[in-house]
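One structure is given here, and the rest of the page talks about it.
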Amino acid sequence: MKTGEMEGEMTDPKRDDFAGFIREGCADLFSRLSEAVDVPLAVLDADGDVILSFPRGGAGTPAAAGAPGSVATIDGGEGTLGSVVTRENRKRLAPFLDSLAGVVGERYGLEREIQRMTDDLAQSYDQVDLLYRFARVIRPNDSFEGNARRLLEETADILENRLLVQYFPREDVLSWSAGPGLILPECLLWLTDNPNVLKKIYADLARDVKPGDAERNVRFRNLVDSPYGRVEYVLIPLWVQSEVAGYAGLFRTLSESELETGEIRLLEGLVAELSNTATTRELYMELRQLLFNVVRSLVNTIEAKDEYTRGHSERVFRISLLIGNRLGFPAPRIQDLSWAALLHDVGKIAINDKVLLKPGRLTDEEYEIVKTHPGAGVRMLEPIAQLSNILPGIRHHHERYDGRGYPDGLAGEKIPLDGRIIAVADTYDAITTARPYRPAGSHEKAVDIIRSVAGTQLDPEMVRVFLELAADGAVESPEPGGAQPVPIGGIHEG
Amino acid sequence: MHQPERSGPTGGKAVENLRAFIVDDDSSVRRILVRNFERAGFTVATASNGQEALEKIRRDELYDILISDLHMPRMDGRRLCEALAEEKTHLPEFIFIVTSRAHEDERSWVERFDNIQLVEKPVGPRHLLRLVRRRLMVGVAGE
């Protein structure tokens, strides 16, 4: 687009409609021509109504039905816009009017074209602007919710706060709805207060969504009744991998300004970004879960070679996880606790099998060797920077609440929490699995013993949580009889 | 003083009786901003450089908002602001300076004014309108 400095180039207001264009863009031209050729002229709209006539205040409507004269149709390239007429019937006036109508039509068409291009360009600017700001607020390490919230903050008020995003990762529970700190329009407030209406809209859409739609920009436009009148919405599915994981939409009551193409394009940009973010997050979580399961499988395999330790780490992991969840640990803490519980005995690999697998009570000297396994485990895992958070739980799972445990003799709250949790789970599993020199204790016996060592061996608070879980029936092994003998329990008797 | 309509709850867009002046040497940028600001209810005037803007603003009444590019021929956005500030009588209520990269030295001169905000390119018309509306609402609330 060439930079023109024509006077009035930018200041012509709304030329969207033809009449406005004639009045504001062509009045001068017609006035001068009418004067120069001394012919009264008028411009009519497509319905035959007069837009302008010259000379002003002159002969009035020149093209009354049946009046003699000349008429030339103005065509902007998209059908008839109107006409230029004169009442006079002079020779050679017709070609003059034709040329005039041609110029006006062409100029109007160009004007419209420039406006369309301007609007397209404006939309592109809006999109680039938004994507640029998206790039600045995305944090790869943050949760999907955190990233989504910031993406919405960048988008919502540009879209006149008519935006609603709902994301339901698993069941069709509306786990989270958008509008952080925003004043929502009444119809949106009503919708968020009536999730059943939204659920029905989503269910209707879900029937129309096809798997291949993930590749295409599928959007749904429809109406729904509300106490505030009919609400129009445009909804776009939020794809995560090949599943619809939510919807993002724009909503308006019919009395509010229309949903513009530019707004819908921005909505599409938001949805694409949300989908990417959610998919990346999900892939990351899957990889992390895969890594955990691989390690879990390795631990199980190593333990399976020895009938006494078989399944021990898995069971301690399971019970530790129950306690952590009951304590309301956030996801990252749960992750750390899981890894610590699964790997708490990994240091035993470094201990001689003759000691580890000895089919009888250990001598004091042998017991000293066994006591090196928490430290050995820490040394093995220390080089893995990503596991640094789990080392305290591993090192201190044999500490006692009264300070008489090992390796450091820590007491009370000085023992890292993960260590205190694993100690309870470890104790339970030790009692309920057989040893070479005694049979497995019952669940009830284990619960009694654990209750009795609260405050001496074990943290009374962790014991309280454990007893709650036991009362709920959550502790007992899901596979009865699966408990296998282990040579060394987590509890040192005597 | 003017009372801009609150945008939001009702989706209302009109900002009645507000006057905006837009300065940019790129005619397509001017066109875009004029179109979008007029649609939003502003009365808009334009110029293609600081010198032209200064003359028009001197001649016209007070503008509520001035949106100016920074780098322009003849007179740039900074000198336009400084000239308006010196004359005081025609200083718009708030000024947005649009710039491709906010260099440190470009920031420092802006900090001497309490009614100028730098906006980094790329900036779309919707975003700019949002900034303007927010600024005007803040102005009203603060009075």
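Within each chain, counting starts at residue 1; across the structure tokens, chains are named A, B, ... in the order shown, with ligands numbered 1 upward in that order.
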**Prompt:** Within 6 Å of chain B, which residues of chain A show up when using only C-alpha atoms, listed as a ChimeraX atom specification?
**Reply:** /A:3,118,122,125-126,129,160-161,184-185
**Message:** Taking 4 positions as the minimum chain separation for residues in the same chain, which residues sit within 10 Å of Leu118 of chain B when counting only C-alpha atoms? Answer as a ChimeraX atom specification.
**Reply:** /B:67-70,95-99,101-102,106-107,110-111
**Message:** What does the structure give for the distance between atom CA of Leu458 of chain A and atom CA of Arg318 of chain A, in Å to one decimal?
**Reply:** 18.3 Å
**Message:** What does the structure give for the distance between atom CA of His443 of chain A and atom CA of Asp429 of chain A, in Å to one decimal?
**Reply:**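 Spanning atom CA of His443 of chain A to atom CA of Asp429 of chain A is a straight-line distance of 9.4 Å.
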Applying 10 Å and only C-alpha atoms, which residues near Val316 of chain A remain after dropping the ones on its own chain fewer than 5 positions away? List them as a PDB file with C-alpha atoms, in the first residue's frame.
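Saved to result-v4.pdb:
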```pdb
ATOM      1  CA  GLY A 311       7.301 -56.514  46.713  1.00  0.00           C
ATOM      2  CA  LEU A 321       1.519 -42.477  49.142  1.00  0.00           C
ATOM      3  CA  LEU A 322      -1.690 -43.022  51.127  1.00  0.00           C
ATOM      4  CA  SER A 338       6.836 -41.601  45.818  1.00  0.00           C
ATOM      5  CA  ALA A 340      11.832 -41.746  48.079  1.00  0.00           C
ATOM      6  CA  ALA A 341       9.511 -44.554  49.178  1.00  0.00           C
ATOM      7  CA  LEU A 342      10.183 -46.628  46.080  1.00  0.00           C
ATOM      8  CA  LEU A 343      13.956 -46.238  46.403  1.00  0.00           C
ATOM      9  CA  HIS A 344      14.284 -46.138  50.208  1.00  0.00           C
ATOM     10  CA  ILE A 421       6.233 -41.291  56.717  1.00  0.00           C
ATOM     11  CA  ILE A 422       8.344 -44.052  55.130  1.00  0.00           C
ATOM     12  CA  ALA A 423       9.269 -45.313  58.602  1.00  0.00           C
ATOM     13  CA  VAL A 424       5.604 -45.995  59.409  1.00  0.00           C
ATOM     14  CA  ALA A 425       5.000 -47.770  56.077  1.00  0.00           C
ATOM     15  CA  ASP A 426       8.264 -49.709  56.435  1.00  0.00           C
ATOM     16  CA  THR A 427       7.355 -50.820  59.953  1.00  0.00           C
ATOM     17  CA  TYR A 428       3.939 -52.030  58.878  1.00  0.00           C
ATOM     18  CA  ASP A 429       5.378 -54.041  56.004  1.00  0.00           C
ATOM     19  CA  ALA A 430       8.105 -55.540  58.208  1.00  0.00           C
TER      20      ALA A 430
END
```
**Item:** Selection near Leu235 of chain A, 6 Å with only C-alpha atoms, sequence-local residues under 5 positions removed, as a list in words
**Value:**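 Near neighbours after the sequence-gap exclusion: Arg219, Phe220, Ala248 and Gly249 of chain A.
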**Message:** Can you pull out the residues contacting segment 268-280 of chain A? Cut-off 8 Å, using only C-alpha atoms, and skip same-chain residues under 2 positions away; I want them as a list of chain:residue names.
**Reply:** A:Gln127, A:Leu131, A:Phe134, A:Phe144, A:Asn147, A:Ala148, A:Leu151, A:Leu152, A:Thr155, A:Asn217, A:Ile236, A:Pro237, A:Leu238, A:Trp239, A:Val240, A:Gln241, A:Ala248, A:Ile264, A:Arg265, A:Leu266, A:Glu282, A:Leu283, A:Tyr284
Using the selection just defined, write its residues with N, CA and C atoms as a short mmCIF file (atom, residue, chain, number, x, y, z; two decimals), in the first residue's frame.
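For reference, part.cif as written:
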```cif
data_model
loop_
_atom_site.label_atom_id
_atom_site.label_comp_id
_atom_site.auth_asym_id
_atom_site.auth_seq_id
_atom_site.Cartn_x
_atom_site.Cartn_y
_atom_site.Cartn_z
N GLN A 127 -3.46 -10.39 15.90
CA GLN A 127 -2.99 -11.76 16.13
C GLN A 127 -1.51 -11.80 16.49
N LEU A 131 0.05 -13.21 19.92
CA LEU A 131 1.02 -14.31 19.95
C LEU A 131 2.32 -13.87 20.61
N PHE A 134 1.68 -13.89 24.20
CA PHE A 134 1.63 -15.28 24.66
C PHE A 134 3.03 -15.80 24.93
N PHE A 144 -0.28 -26.56 33.67
CA PHE A 144 -1.17 -26.09 32.60
C PHE A 144 -2.07 -24.98 33.13
N ASN A 147 -0.23 -21.62 33.33
CA ASN A 147 -0.02 -21.05 32.00
C ASN A 147 -1.33 -20.59 31.39
N ALA A 148 -2.36 -21.41 31.54
CA ALA A 148 -3.65 -21.07 30.94
C ALA A 148 -4.18 -19.78 31.54
N LEU A 151 -2.39 -16.91 29.93
CA LEU A 151 -2.83 -16.75 28.54
C LEU A 151 -4.19 -16.05 28.50
N LEU A 152 -5.07 -16.45 29.42
CA LEU A 152 -6.40 -15.85 29.45
C LEU A 152 -6.34 -14.39 29.87
N THR A 155 -5.79 -12.32 27.00
CA THR A 155 -6.80 -12.38 25.95
C THR A 155 -8.15 -11.81 26.35
N ASN A 217 -9.69 -26.29 11.83
CA ASN A 217 -10.23 -25.30 12.74
C ASN A 217 -11.74 -25.47 12.80
N ILE A 236 -15.00 -23.39 20.35
CA ILE A 236 -13.95 -24.14 19.67
C ILE A 236 -13.46 -25.23 20.62
N PRO A 237 -13.40 -26.48 20.15
CA PRO A 237 -12.92 -27.55 21.02
C PRO A 237 -11.43 -27.36 21.33
N LEU A 238 -11.09 -27.69 22.54
CA LEU A 238 -9.70 -27.61 22.98
C LEU A 238 -9.14 -29.04 22.96
N TRP A 239 -8.31 -29.28 21.95
CA TRP A 239 -7.80 -30.65 21.77
C TRP A 239 -6.53 -30.85 22.58
N VAL A 240 -6.46 -31.96 23.28
CA VAL A 240 -5.21 -32.35 23.92
C VAL A 240 -4.90 -33.74 23.38
N GLN A 241 -3.80 -33.84 22.65
CA GLN A 241 -3.51 -35.02 21.85
C GLN A 241 -4.73 -35.28 20.96
N ALA A 248 -13.37 -23.57 24.42
CA ALA A 248 -13.19 -22.14 24.63
C ALA A 248 -14.23 -21.45 23.76
N ILE A 264 -13.02 -13.89 16.68
CA ILE A 264 -13.02 -15.35 16.58
C ILE A 264 -11.62 -15.85 16.20
N ARG A 265 -10.93 -15.07 15.37
CA ARG A 265 -9.55 -15.45 15.03
C ARG A 265 -8.65 -15.43 16.27
N LEU A 266 -8.86 -14.43 17.13
CA LEU A 266 -8.06 -14.36 18.35
C LEU A 266 -8.40 -15.54 19.27
N GLU A 282 0.97 -32.67 29.09
CA GLU A 282 0.54 -34.05 29.21
C GLU A 282 1.65 -35.02 28.78
N LEU A 283 2.32 -34.67 27.69
CA LEU A 283 3.42 -35.52 27.23
C LEU A 283 4.53 -35.58 28.28
N TYR A 284 4.78 -34.43 28.89
CA TYR A 284 5.80 -34.37 29.93
C TYR A 284 5.42 -35.26 31.11
#
```
**Asked** In Å to one decimal, how far is atom CA of Thr372 of chain A from atom CA of Pro407 of chain A?
**Response** 7.4 Å
**Request:** Determine which residues of segment 12-92 of chain B DSSP labels as helix (DSSP H, G or I) from the backbone of this structure, then write them out as an NGL selection string.
**Result:** :B and (27-39 or 50-59 or 77-87)
Suppose we keep C-alpha atoms; can you now write the selection as a PDB file, in the first residue's frame?
```
ATOM      1  CA  SER B  27      -0.524   5.287   6.173  1.00  0.00           C
ATOM      2  CA  SER B  28      -1.755   1.727   6.664  1.00  0.00           C
ATOM      3  CA  VAL B  29      -1.119   1.992  10.403  1.00  0.00           C
ATOM      4  CA  ARG B  30      -3.031   5.284  10.467  1.00  0.00           C
ATOM      5  CA  ARG B  31      -5.872   3.736   8.501  1.00  0.00           C
ATOM      6  CA  ILE B  32      -6.103   0.776  10.894  1.00  0.00           C
ATOM      7  CA  LEU B  33      -6.084   2.927  13.994  1.00  0.00           C
ATOM      8  CA  VAL B  34      -8.535   5.464  12.593  1.00  0.00           C
ATOM      9  CA  ARG B  35     -10.955   2.735  11.635  1.00  0.00           C
ATOM     10  CA  ASN B  36     -10.777   0.934  14.955  1.00  0.00           C
ATOM     11  CA  PHE B  37     -10.847   4.034  17.132  1.00  0.00           C
ATOM     12  CA  GLU B  38     -13.757   5.499  15.196  1.00  0.00           C
ATOM     13  CA  ARG B  39     -15.634   2.243  15.528  1.00  0.00           C
ATOM     14  CA  GLY B  50       5.423  15.251  14.396  1.00  0.00           C
ATOM     15  CA  GLN B  51       5.603  18.611  12.651  1.00  0.00           C
ATOM     16  CA  GLU B  52       2.232  18.159  10.977  1.00  0.00           C
ATOM     17  CA  ALA B  53       0.766  16.851  14.244  1.00  0.00           C
ATOM     18  CA  LEU B  54       2.051  19.830  16.199  1.00  0.00           C
ATOM     19  CA  GLU B  55       0.491  22.264  13.737  1.00  0.00           C
ATOM     20  CA  LYS B  56      -2.861  20.505  13.737  1.00  0.00           C
ATOM     21  CA  ILE B  57      -2.972  20.078  17.500  1.00  0.00           C
ATOM     22  CA  ARG B  58      -2.089  23.759  18.005  1.00  0.00           C
ATOM     23  CA  ARG B  59      -4.908  24.731  15.677  1.00  0.00           C
ATOM     24  CA  GLY B  77       7.530  11.359  18.641  1.00  0.00           C
ATOM     25  CA  ARG B  78       9.902  12.500  21.345  1.00  0.00           C
ATOM     26  CA  ARG B  79      10.311  16.004  19.980  1.00  0.00           C
ATOM     27  CA  LEU B  80       6.563  16.234  19.434  1.00  0.00           C
ATOM     28  CA  CYS B  81       5.960  15.386  23.106  1.00  0.00           C
ATOM     29  CA  GLU B  82       8.593  17.844  24.256  1.00  0.00           C
ATOM     30  CA  ALA B  83       7.135  20.618  22.104  1.00  0.00           C
ATOM     31  CA  LEU B  84       3.610  19.937  23.383  1.00  0.00           C
ATOM     32  CA  ALA B  85       4.835  19.805  26.979  1.00  0.00           C
ATOM     33  CA  GLU B  86       6.601  23.126  26.556  1.00  0.00           C
ATOM     34  CA  GLU B  87       3.494  24.824  25.187  1.00  0.00           C
TER      35      GLU B  87
END
```
**Prompt:** DSSP on the backbone: what in chain B comes out strand (DSSP E), as a ChimeraX atom specification?
**Reply:** /B:19-23,43-47,65-69,94-99,116-120
If you keep N, CA and C atoms, can you produce a file of those selected residues as a short mmCIF file (atom, residue, chain, number, x, y, z; two decimals), in the first residue's frame?
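So the final result, stored in selection.cif, reads:
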```
data_model
loop_
_atom_site.label_atom_id
_atom_site.label_comp_id
_atom_site.auth_asym_id
_atom_site.auth_seq_id
_atom_site.Cartn_x
_atom_site.Cartn_y
_atom_site.Cartn_z
N ARG B 19 -11.61 12.48 22.02
CA ARG B 19 -10.87 12.86 20.84
C ARG B 19 -9.48 12.25 20.86
N ALA B 20 -9.17 11.56 19.79
CA ALA B 20 -7.86 10.92 19.71
C ALA B 20 -7.10 11.49 18.52
N PHE B 21 -5.78 11.70 18.72
CA PHE B 21 -4.94 12.15 17.62
C PHE B 21 -3.90 11.07 17.35
N ILE B 22 -3.79 10.66 16.08
CA ILE B 22 -2.90 9.55 15.73
C ILE B 22 -1.81 10.04 14.79
N VAL B 23 -0.56 9.79 15.17
CA VAL B 23 0.57 10.23 14.34
C VAL B 23 1.40 9.01 13.95
N THR B 43 -13.56 10.38 18.26
CA THR B 43 -13.38 11.29 17.14
C THR B 43 -11.88 11.33 16.88
N VAL B 44 -11.48 11.10 15.62
CA VAL B 44 -10.06 10.89 15.36
C VAL B 44 -9.52 11.88 14.34
N ALA B 45 -8.32 12.39 14.61
CA ALA B 45 -7.59 13.17 13.61
C ALA B 45 -6.20 12.56 13.49
N THR B 46 -5.54 12.81 12.34
CA THR B 46 -4.25 12.17 12.12
C THR B 46 -3.23 13.14 11.53
N ALA B 47 -1.97 12.71 11.62
CA ALA B 47 -0.89 13.39 10.94
C ALA B 47 0.17 12.35 10.62
N ILE B 65 -6.39 11.92 23.88
CA ILE B 65 -5.37 10.90 23.72
C ILE B 65 -4.53 11.21 22.49
N LEU B 66 -3.22 11.10 22.65
CA LEU B 66 -2.33 11.18 21.50
C LEU B 66 -1.61 9.85 21.38
N ILE B 67 -1.67 9.26 20.18
CA ILE B 67 -0.95 8.02 19.93
C ILE B 67 0.05 8.32 18.84
N SER B 68 1.33 8.20 19.15
CA SER B 68 2.33 8.58 18.17
C SER B 68 3.41 7.51 18.02
N ASP B 69 3.81 7.33 16.78
CA ASP B 69 4.98 6.52 16.50
C ASP B 69 6.19 7.27 17.05
N PHE B 94 -3.37 12.19 27.78
CA PHE B 94 -2.44 11.08 27.89
C PHE B 94 -1.84 10.75 26.52
N ILE B 95 -0.59 10.31 26.55
CA ILE B 95 0.13 10.05 25.31
C ILE B 95 0.68 8.62 25.31
N PHE B 96 0.43 7.90 24.23
CA PHE B 96 1.06 6.60 24.03
C PHE B 96 2.08 6.73 22.92
N ILE B 97 3.32 6.34 23.20
CA ILE B 97 4.35 6.35 22.18
C ILE B 97 4.62 4.91 21.77
N VAL B 98 4.40 4.64 20.48
CA VAL B 98 4.58 3.28 19.97
C VAL B 98 5.98 3.17 19.37
N THR B 99 6.72 2.17 19.80
CA THR B 99 8.09 2.04 19.33
C THR B 99 8.44 0.58 19.12
N ILE B 116 2.93 9.90 29.83
CA ILE B 116 3.35 9.21 28.62
C ILE B 116 3.64 7.75 28.94
N GLN B 117 3.14 6.87 28.09
CA GLN B 117 3.44 5.45 28.25
C GLN B 117 4.01 4.92 26.95
N LEU B 118 5.09 4.14 27.07
CA LEU B 118 5.66 3.49 25.89
C LEU B 118 4.92 2.20 25.60
N VAL B 119 4.64 1.95 24.35
CA VAL B 119 4.01 0.69 23.95
C VAL B 119 4.91 0.05 22.92
N GLU B 120 5.28 -1.20 23.18
CA GLU B 120 6.19 -1.87 22.25
C GLU B 120 5.44 -2.49 21.09
#
```
**Message:** Could you check the closest approach to Ser100 of chain B for each of B:Lys88, B:Arg112, B:Arg133, B:His71 and tell me which residue wins, using only C-alpha atoms?
**Reply:** B:His71
**Message:** Measuring between only C-alpha atoms, which one of A:Asp213, A:Asp459, A:Glu382, A:Asp157 shows the shortest distance to Ala411 of chain A?
**Reply:** A:Asp459
